[in-house]
$ cat protein-v7.cif   # mmCIF, C-alpha atoms
data_target
loop_
_atom_site.group_PDB
_atom_site.id
_atom_site.type_symbol
_atom_site.label_atom_id
_atom_site.label_comp_id
_atom_site.auth_asym_id
_atom_site.auth_seq_id
_atom_site.Cartn_x
_atom_site.Cartn_y
_atom_site.Cartn_z
ATOM 1 C CA MET H 1 0.000 0.000 0.000
ATOM 2 C CA ALA H 2 2.753 2.482 0.937
ATOM 3 C CA LYS H 3 4.543 1.800 -2.332
ATOM 4 C CA LEU H 4 1.342 2.515 -4.269
ATOM 5 C CA VAL H 5 0.972 5.802 -2.413
ATOM 6 C CA ARG H 6 4.512 6.728 -3.446
ATOM 7 C CA GLN H 7 3.747 5.872 -7.072
ATOM 8 C CA ASP H 8 0.688 8.132 -6.961
ATOM 9 C CA LYS H 9 2.831 10.958 -5.620
ATOM 10 C CA VAL H 10 5.392 10.452 -8.382
ATOM 11 C CA ALA H 11 2.633 10.654 -10.993
ATOM 12 C CA GLN H 12 1.460 13.949 -9.480
ATOM 13 C CA LEU H 13 4.840 15.525 -10.250
ATOM 14 C CA ALA H 14 4.161 15.388 -13.991
ATOM 15 C CA GLY H 15 3.158 19.028 -14.188
ATOM 16 C CA VAL H 16 4.234 22.288 -12.577
ATOM 17 C CA CYS H 17 6.153 22.444 -9.309
ATOM 18 C CA LEU H 18 6.757 25.792 -7.635
ATOM 19 C CA ILE H 19 10.128 26.041 -5.947
ATOM 20 C CA LEU H 20 9.135 28.410 -3.196
ATOM 21 C CA ASP H 21 12.419 30.210 -2.734
ATOM 22 C CA ILE H 22 12.001 32.349 0.362
ATOM 23 C CA GLN H 23 14.528 34.911 -0.814
ATOM 24 C CA ALA H 24 12.536 35.397 -4.040
ATOM 25 C CA LEU H 25 9.250 36.118 -2.243
ATOM 26 C CA GLN H 26 10.148 39.781 -1.735
ATOM 27 C CA GLY H 27 8.208 39.999 1.516
ATOM 28 C CA ARG H 28 5.037 38.256 0.356
ATOM 29 C CA ASP H 29 3.376 35.693 2.616
ATOM 30 C CA GLU H 30 4.606 32.230 1.662
ATOM 31 C CA GLN H 31 1.369 30.490 2.606
ATOM 32 C CA GLU H 32 -0.761 32.761 0.450
ATOM 33 C CA VAL H 33 1.678 32.501 -2.453
ATOM 34 C CA ALA H 34 1.647 28.703 -2.202
ATOM 35 C CA ARG H 35 -2.145 28.644 -2.093
ATOM 36 C CA GLN H 36 -2.439 30.889 -5.150
ATOM 37 C CA ALA H 37 0.060 28.760 -7.100
ATOM 38 C CA ILE H 38 -1.831 25.576 -6.248
ATOM 39 C CA HIS H 39 -5.109 27.173 -7.319
ATOM 40 C CA GLY H 40 -3.392 28.045 -10.581
ATOM 41 C CA GLY H 41 -2.391 24.444 -11.204
ATOM 42 C CA ALA H 42 0.846 23.756 -9.329
ATOM 43 C CA LYS H 43 0.884 20.122 -8.239
ATOM 44 C CA ALA H 44 3.785 20.456 -5.814
ATOM 45 C CA ILE H 45 5.443 23.079 -3.622
ATOM 46 C CA GLN H 46 9.146 22.690 -2.900
ATOM 47 C CA LEU H 47 10.487 24.790 -0.043
ATOM 48 C CA ARG H 48 13.912 26.283 -0.707
ATOM 49 C CA ASP H 49 15.460 28.421 2.016
ATOM 50 C CA LYS H 50 19.220 28.885 1.887
ATOM 51 C CA GLN H 51 19.565 31.665 4.461
ATOM 52 C CA SER H 52 17.247 31.163 7.444
ATOM 53 C CA ASP H 53 18.244 29.177 10.496
ATOM 54 C CA LYS H 54 16.778 25.696 10.819
ATOM 55 C CA ARG H 55 14.183 26.635 13.458
ATOM 56 C CA LYS H 56 12.725 29.265 11.143
ATOM 57 C CA VAL H 57 12.739 26.829 8.240
ATOM 58 C CA LEU H 58 10.954 24.278 10.427
ATOM 59 C CA ASP H 59 8.214 26.752 11.366
ATOM 60 C CA ARG H 60 7.807 27.772 7.756
ATOM 61 C CA ALA H 61 7.742 24.152 6.593
ATOM 62 C CA GLN H 62 5.001 23.261 9.085
ATOM 63 C CA ARG H 63 2.795 26.078 7.816
ATOM 64 C CA LEU H 64 3.378 25.217 4.168
ATOM 65 C CA LYS H 65 2.778 21.516 4.781
ATOM 66 C CA ALA H 66 -0.629 22.417 6.236
ATOM 67 C CA VAL H 67 -1.510 24.498 3.168
ATOM 68 C CA CYS H 68 -0.451 21.742 0.762
ATOM 69 C CA ALA H 69 -2.375 19.093 2.707
ATOM 70 C CA GLU H 70 -5.479 21.269 2.651
ATOM 71 C CA GLU H 71 -5.186 22.024 -1.064
ATOM 72 C CA GLY H 72 -4.158 18.541 -2.227
ATOM 73 C CA ALA H 73 -0.641 19.392 -3.403
ATOM 74 C CA LEU H 74 2.636 17.649 -2.642
ATOM 75 C CA PHE H 75 5.031 19.304 -0.232
ATOM 76 C CA ILE H 76 8.751 18.702 -0.714
ATOM 77 C CA ILE H 77 11.658 20.130 1.271
ATOM 78 C CA ASN H 78 14.920 21.054 -0.372
ATOM 79 C CA ASP H 79 18.163 19.697 1.173
ATOM 80 C CA TRP H 80 17.045 18.908 4.734
ATOM 81 C CA LEU H 81 16.059 15.285 5.345
ATOM 82 C CA ASP H 82 15.567 15.867 9.075
ATOM 83 C CA LEU H 83 13.105 18.692 8.449
ATOM 84 C CA ALA H 84 11.240 16.603 5.888
ATOM 85 C CA LEU H 85 10.871 13.881 8.507
ATOM 86 C CA ALA H 86 9.939 16.346 11.247
ATOM 87 C CA VAL H 87 6.988 17.860 9.377
ATOM 88 C CA GLY H 88 5.885 14.747 7.506
ATOM 89 C CA ALA H 89 6.656 16.222 4.103
ATOM 90 C CA ASP H 90 5.839 14.204 1.012
ATOM 91 C CA GLY H 91 9.488 14.080 0.089
ATOM 92 C CA VAL H 92 12.948 15.576 0.112
ATOM 93 C CA HIS H 93 14.975 16.945 -2.779
ATOM 94 C CA LEU H 94 18.729 16.402 -2.610
ATOM 95 C CA GLY H 95 21.611 17.980 -4.474
ATOM 96 C CA GLN H 96 24.896 16.414 -5.477
ATOM 97 C CA GLN H 97 26.541 17.641 -2.266
ATOM 98 C CA ASP H 98 23.760 16.562 0.096
ATOM 99 C CA LEU H 99 23.141 13.290 1.922
ATOM 100 C CA PRO H 100 23.594 10.322 -0.459
ATOM 101 C CA LEU H 101 20.350 8.915 -1.831
ATOM 102 C CA THR H 102 21.034 5.446 -0.469
ATOM 103 C CA GLN H 103 21.268 6.833 3.068
ATOM 104 C CA ALA H 104 18.189 8.999 2.642
ATOM 105 C CA ARG H 105 16.159 6.077 1.327
ATOM 106 C CA ARG H 106 17.017 4.029 4.416
ATOM 107 C CA LEU H 107 15.778 6.799 6.691
ATOM 108 C CA LEU H 108 12.656 7.930 4.855
ATOM 109 C CA PRO H 109 9.357 6.055 5.149
ATOM 110 C CA ILE H 110 8.610 4.058 2.014
ATOM 111 C CA ASP H 111 5.745 6.336 0.983
ATOM 112 C CA LYS H 112 8.003 9.428 0.838
ATOM 113 C CA LEU H 113 9.691 10.697 -2.323
ATOM 114 C CA ILE H 114 13.342 11.392 -2.995
ATOM 115 C CA GLY H 115 14.376 13.646 -5.841
ATOM 116 C CA CYS H 116 17.901 14.400 -6.990
ATOM 117 C CA SER H 117 19.424 17.295 -8.920
ATOM 118 C CA THR H 118 21.563 16.294 -11.892
ATOM 119 C CA ALA H 119 23.335 18.038 -14.750
ATOM 120 C CA THR H 120 24.935 15.101 -16.556
ATOM 121 C CA LEU H 121 23.960 11.718 -17.911
ATOM 122 C CA ALA H 122 26.292 9.978 -15.449
ATOM 123 C CA GLU H 123 24.701 11.745 -12.480
ATOM 124 C CA ALA H 124 21.229 10.838 -13.672
ATOM 125 C CA ARG H 125 22.137 7.188 -14.113
ATOM 126 C CA GLN H 126 23.618 7.091 -10.630
ATOM 127 C CA ALA H 127 20.572 8.807 -9.115
ATOM 128 C CA GLN H 128 18.238 6.279 -10.660
ATOM 129 C CA SER H 129 20.397 3.334 -9.597
ATOM 130 C CA GLU H 130 20.427 4.659 -6.021
ATOM 131 C CA GLY H 131 16.655 4.877 -5.804
ATOM 132 C CA ALA H 132 15.607 8.372 -6.856
ATOM 133 C CA ASP H 133 11.855 8.596 -7.431
ATOM 134 C CA TYR H 134 12.384 11.473 -9.821
ATOM 135 C CA ILE H 135 15.370 13.242 -11.342
ATOM 136 C CA ALA H 136 15.700 16.997 -11.744
ATOM 137 C CA VAL H 137 17.696 17.972 -14.835
ATOM 138 C CA GLY H 138 19.233 21.407 -15.177
ATOM 139 C CA SER H 139 20.013 24.123 -15.392
ATOM 140 C CA LEU H 140 18.477 24.067 -18.869
ATOM 141 C CA TYR H 141 18.677 27.828 -19.399
ATOM 142 C CA PRO H 142 20.449 30.758 -17.730
ATOM 143 C CA THR H 143 18.925 31.581 -14.358
ATOM 144 C CA MET H 144 19.407 34.129 -11.605
ATOM 145 C CA SER H 145 18.031 31.818 -8.918
ATOM 146 C CA LYS H 146 21.242 30.008 -8.120
ATOM 147 C CA GLU H 147 24.927 30.828 -8.028
ATOM 148 C CA ASN H 148 27.504 28.566 -9.668
ATOM 149 C CA ILE H 149 24.939 26.864 -11.870
ATOM 150 C CA ARG H 150 25.908 23.832 -13.899
ATOM 151 C CA PRO H 151 24.387 24.080 -17.376
ATOM 152 C CA ALA H 152 22.751 21.013 -18.846
ATOM 153 C CA GLY H 153 20.628 22.022 -21.837
ATOM 154 C CA LEU H 154 18.028 20.270 -23.959
ATOM 155 C CA ALA H 155 20.548 17.878 -25.489
ATOM 156 C CA ILE H 156 21.455 16.515 -22.045
ATOM 157 C CA LEU H 157 17.771 16.297 -21.114
ATOM 158 C CA THR H 158 17.092 14.197 -24.210
ATOM 159 C CA GLN H 159 20.044 11.918 -23.457
ATOM 160 C CA ILE H 160 18.828 11.376 -19.914
ATOM 161 C CA ARG H 161 15.297 10.719 -21.150
ATOM 162 C CA GLN H 162 16.605 7.932 -23.351
ATOM 163 C CA ALA H 163 18.524 6.366 -20.460
ATOM 164 C CA ALA H 164 16.220 6.883 -17.468
ATOM 165 C CA SER H 165 12.856 5.324 -16.727
ATOM 166 C CA CYS H 166 11.899 7.504 -13.744
ATOM 167 C CA PRO H 167 10.187 10.886 -14.190
ATOM 168 C CA LEU H 168 12.322 13.845 -15.216
ATOM 169 C CA ILE H 169 11.674 17.325 -13.859
ATOM 170 C CA ALA H 170 13.329 20.092 -15.844
ATOM 171 C CA ILE H 171 14.683 23.086 -13.951
ATOM 172 C CA GLY H 172 16.535 26.313 -14.571
ATOM 173 C CA GLY H 173 15.302 29.357 -16.479
ATOM 174 C CA ILE H 174 12.060 27.725 -17.603
ATOM 175 C CA ASP H 175 9.103 29.968 -18.396
ATOM 176 C CA GLU H 176 6.175 30.305 -20.795
ATOM 177 C CA THR H 177 8.461 30.960 -23.754
ATOM 178 C CA ASN H 178 10.381 27.678 -23.570
ATOM 179 C CA VAL H 179 8.346 25.225 -21.500
ATOM 180 C CA VAL H 180 6.769 23.554 -24.531
ATOM 181 C CA GLU H 181 10.150 22.622 -26.009
ATOM 182 C CA VAL H 182 11.270 21.391 -22.586
ATOM 183 C CA ILE H 183 8.331 18.993 -22.274
ATOM 184 C CA ARG H 184 8.712 17.851 -25.861
ATOM 185 C CA GLY H 185 12.417 17.370 -25.190
ATOM 186 C CA GLY H 186 11.677 14.694 -22.604
ATOM 187 C CA ALA H 187 10.656 16.309 -19.316
ATOM 188 C CA ASP H 188 7.608 14.997 -17.481
ATOM 189 C CA GLY H 189 7.260 18.188 -15.501
ATOM 190 C CA VAL H 190 8.960 21.470 -14.689
ATOM 191 C CA ALA H 191 10.095 23.166 -11.494
ATOM 192 C CA VAL H 192 10.231 26.960 -11.579
ATOM 193 C CA ILE H 193 10.885 29.958 -9.370
ATOM 194 C CA HIS H 194 10.771 33.269 -11.247
ATOM 195 C CA ALA H 195 8.230 32.188 -13.865
ATOM 196 C CA ILE H 196 5.723 32.226 -10.993
ATOM 197 C CA LEU H 197 7.251 34.279 -8.169
ATOM 198 C CA GLY H 198 8.288 37.003 -10.584
ATOM 199 C CA ALA H 199 4.670 37.595 -11.582
ATOM 200 C CA GLU H 200 2.297 40.043 -9.943
ATOM 201 C CA ASP H 201 -0.602 37.593 -10.307
ATOM 202 C CA ILE H 202 0.691 34.256 -8.973
ATOM 203 C CA GLU H 203 -2.409 32.237 -9.810
ATOM 204 C CA SER H 204 -2.670 33.471 -13.397
ATOM 205 C CA ALA H 205 1.042 32.946 -14.060
ATOM 206 C CA THR H 206 0.828 29.390 -12.769
ATOM 207 C CA HIS H 207 -2.290 28.710 -14.815
ATOM 208 C CA ARG H 208 -0.636 29.894 -18.022
ATOM 209 C CA LEU H 209 2.429 27.745 -17.387
ATOM 210 C CA ALA H 210 0.312 24.687 -16.554
ATOM 211 C CA ALA H 211 -1.673 25.233 -19.752
ATOM 212 C CA LYS H 212 1.554 25.289 -21.762
ATOM 213 C CA VAL H 213 2.662 22.016 -20.161
ATOM 214 C CA ALA H 214 -0.681 20.448 -21.018
ATOM 215 C CA GLN H 215 -0.418 21.792 -24.562
ATOM 216 C CA ALA H 216 3.009 20.215 -24.989
ATOM 217 C CA LYS H 217 1.618 16.885 -23.802
ATOM 218 C CA GLY H 218 -1.261 17.155 -26.234
ATOM 219 C CA GLY H 219 -3.959 17.484 -23.593
ATOM 220 C CA LYS H 220 -6.001 20.022 -21.709
ATOM 221 C CA PRO H 221 -4.805 21.744 -18.534
ATOM 222 C CA ASN H 222 -5.896 19.784 -15.502
ATOM 223 C CA VAL H 223 -6.370 22.768 -13.194
#

$ encode --input "protein-v7.cif" --output "structure tokens"
Amino acid sequence: MAKLVRQDKVAQLAGVCLILDIQALQGRDEQEVARQAIHGGAKAIQLRDKQSDKRKVLDRAQRLKAVCAEEGALFIINDWLDLALAVGADGVHLGQQDLPLTQARRLLPIDKLIGCSTATLAEARQAQSEGADYIAVGSLYPTMSKENIRPAGLAILTQIRQAASCPLIAIGGIDETNVVEVIRGGADGVAVIHAILGAEDIESATHRLAAKVAQAKGGKPNV
């Protein structure tokens, strides 16, 4: 049963995920922003906070988890396995310098997701072999959201798509102008920051992006 729950969560990622970067909120309330994005069609909220102390991140994560549970969206925490466990998040997203996936999988309940950031075919193959439920590929395009980015590009995404069986989430500089080619290039879903947080109307921006994803998949937006 727990494994089936995890599979359902993985399937839910095949759309738009908002990386809720606290530093990109510009003073807006994170709970309200998350709620608006979900109403616009975001299927997952991923908390990313690189500057606050862990107690503040924990408080913030508890509030966001409640919003996501109420609205039927997944809640994923970036980097911190202990915080993901503490708040009962739906999963944790790990980078190449974070806790190894094999260790995280041993500690997480079986119904929780593990995602991994990759920029090369070798990294993606390793992530899948170590039990990643989904693989983030990027940065596909230039982005201001992260320092020292490692470019991947559509060619790498396509290579990984041919080699990996788990879902691929494209990341890095994705917006309405390029999301269709990203999905057609092999991504199952996209994770964005500025395409949503940079908009004045969060819900409308998310809706437009979700509609583009649906268009690329040849269907109608499920929002």

$ resolve_selection --input "protein-v7.cif" --expression "the PyMOL selection byres ((chain H and resi 2-16) around 8)" --output "list in words"
Met1, Cys17, Leu18, Gly41, Ala42, Lys43, Ala44, Leu74, Asp90, Ile110, Asp111, Lys112, Leu113, Asp133, Tyr134, Pro167, Ile169, Asp188, Gly189, Val190, Ala191, Val192, Thr206, Leu209, Ala210, Val213 and Ala214 of chain H

$ resolve_selection --input "protein-v7.cif" --expression "the PyMOL selection byres ((chain H and resi 137) around 10)" --output "PyMOL selection string"
chain H and resi 116-121+123-124+134-136+138-140+151-154+156-157+160-161+168-172+187+190-191

$ resolve_selection --input "protein-v7.cif" --expression "the PyMOL selection byres ((chain H and resi 51) around 9)" --output "number ranges by chain"
H: 22-23, 49-50, 52-53

$ residues_around --input "protein-v7.cif" --residues "H:Leu94" --least-positions-apart "6" --cutoff "9 Å" --atoms "only C-alpha atoms" --output "PyMOL selection string"
chain H and resi 77-81+100-101+114-117

$ atom_distance --input "protein-v7.cif" --atom1 "atom CA of H:Ala89" --atom2 "atom CA of H:Phe75"
5.6 Å

$ closest_residue --input "protein-v7.cif" --among "H:Leu85, H:Arg35, H:Gln215, H:Thr158" --to "H:Leu108" --atoms "only C-alpha atoms"
H:Leu85

$ closest_residue --input "protein-v7.cif" --among "H:Val92, H:Gln162, H:Ala205, H:Gln126" --to "H:Gly185" --atoms "all atoms listed in the file"
H:Gln162

$ decode --input "protein-v7.cif" --residues "stretch 202-213 of chain H" --atoms "N, CA and C atoms" --output "PDB file, in the first residue's frame"
ATOM      1  N   ILE H 202       0.118  35.596  -9.123  1.00  0.00           N
ATOM      2  CA  ILE H 202       0.691  34.256  -8.973  1.00  0.00           C
ATOM      3  C   ILE H 202      -0.209  33.202  -9.605  1.00  0.00           C
ATOM      4  N   GLU H 203      -1.482  33.258  -9.317  1.00  0.00           N
ATOM      5  CA  GLU H 203      -2.409  32.237  -9.810  1.00  0.00           C
ATOM      6  C   GLU H 203      -2.476  32.229 -11.329  1.00  0.00           C
ATOM      7  N   SER H 204      -2.583  33.391 -11.935  1.00  0.00           N
ATOM      8  CA  SER H 204      -2.670  33.471 -13.397  1.00  0.00           C
ATOM      9  C   SER H 204      -1.381  32.998 -14.060  1.00  0.00           C
ATOM     10  N   ALA H 205      -0.236  33.378 -13.491  1.00  0.00           N
ATOM     11  CA  ALA H 205       1.042  32.946 -14.060  1.00  0.00           C
ATOM     12  C   ALA H 205       1.183  31.436 -14.006  1.00  0.00           C
ATOM     13  N   THR H 206       0.759  30.848 -12.895  1.00  0.00           N
ATOM     14  CA  THR H 206       0.828  29.390 -12.769  1.00  0.00           C
ATOM     15  C   THR H 206      -0.122  28.726 -13.755  1.00  0.00           C
ATOM     16  N   HIS H 207      -1.299  29.278 -13.891  1.00  0.00           N
ATOM     17  CA  HIS H 207      -2.290  28.710 -14.815  1.00  0.00           C
ATOM     18  C   HIS H 207      -1.775  28.721 -16.243  1.00  0.00           C
ATOM     19  N   ARG H 208      -1.163  29.817 -16.657  1.00  0.00           N
ATOM     20  CA  ARG H 208      -0.636  29.894 -18.022  1.00  0.00           C
ATOM     21  C   ARG H 208       0.465  28.871 -18.241  1.00  0.00           C
ATOM     22  N   LEU H 209       1.341  28.706 -17.258  1.00  0.00           N
ATOM     23  CA  LEU H 209       2.429  27.745 -17.387  1.00  0.00           C
ATOM     24  C   LEU H 209       1.881  26.323 -17.431  1.00  0.00           C
ATOM     25  N   ALA H 210       0.916  26.019 -16.569  1.00  0.00           N
ATOM     26  CA  ALA H 210       0.312  24.687 -16.554  1.00  0.00           C
ATOM     27  C   ALA H 210      -0.390  24.399 -17.880  1.00  0.00           C
ATOM     28  N   ALA H 211      -1.012  25.414 -18.459  1.00  0.00           N
ATOM     29  CA  ALA H 211      -1.673  25.233 -19.752  1.00  0.00           C
ATOM     30  C   ALA H 211      -0.662  24.924 -20.853  1.00  0.00           C
ATOM     31  N   LYS H 212       0.494  25.562 -20.787  1.00  0.00           N
ATOM     32  CA  LYS H 212       1.554  25.289 -21.762  1.00  0.00           C
ATOM     33  C   LYS H 212       2.074  23.860 -21.630  1.00  0.00           C
ATOM     34  N   VAL H 213       2.221  23.391 -20.383  1.00  0.00           N
ATOM     35  CA  VAL H 213       2.662  22.016 -20.161  1.00  0.00           C
ATOM     36  C   VAL H 213       1.648  21.050 -20.746  1.00  0.00           C
TER      37      VAL H 213
END
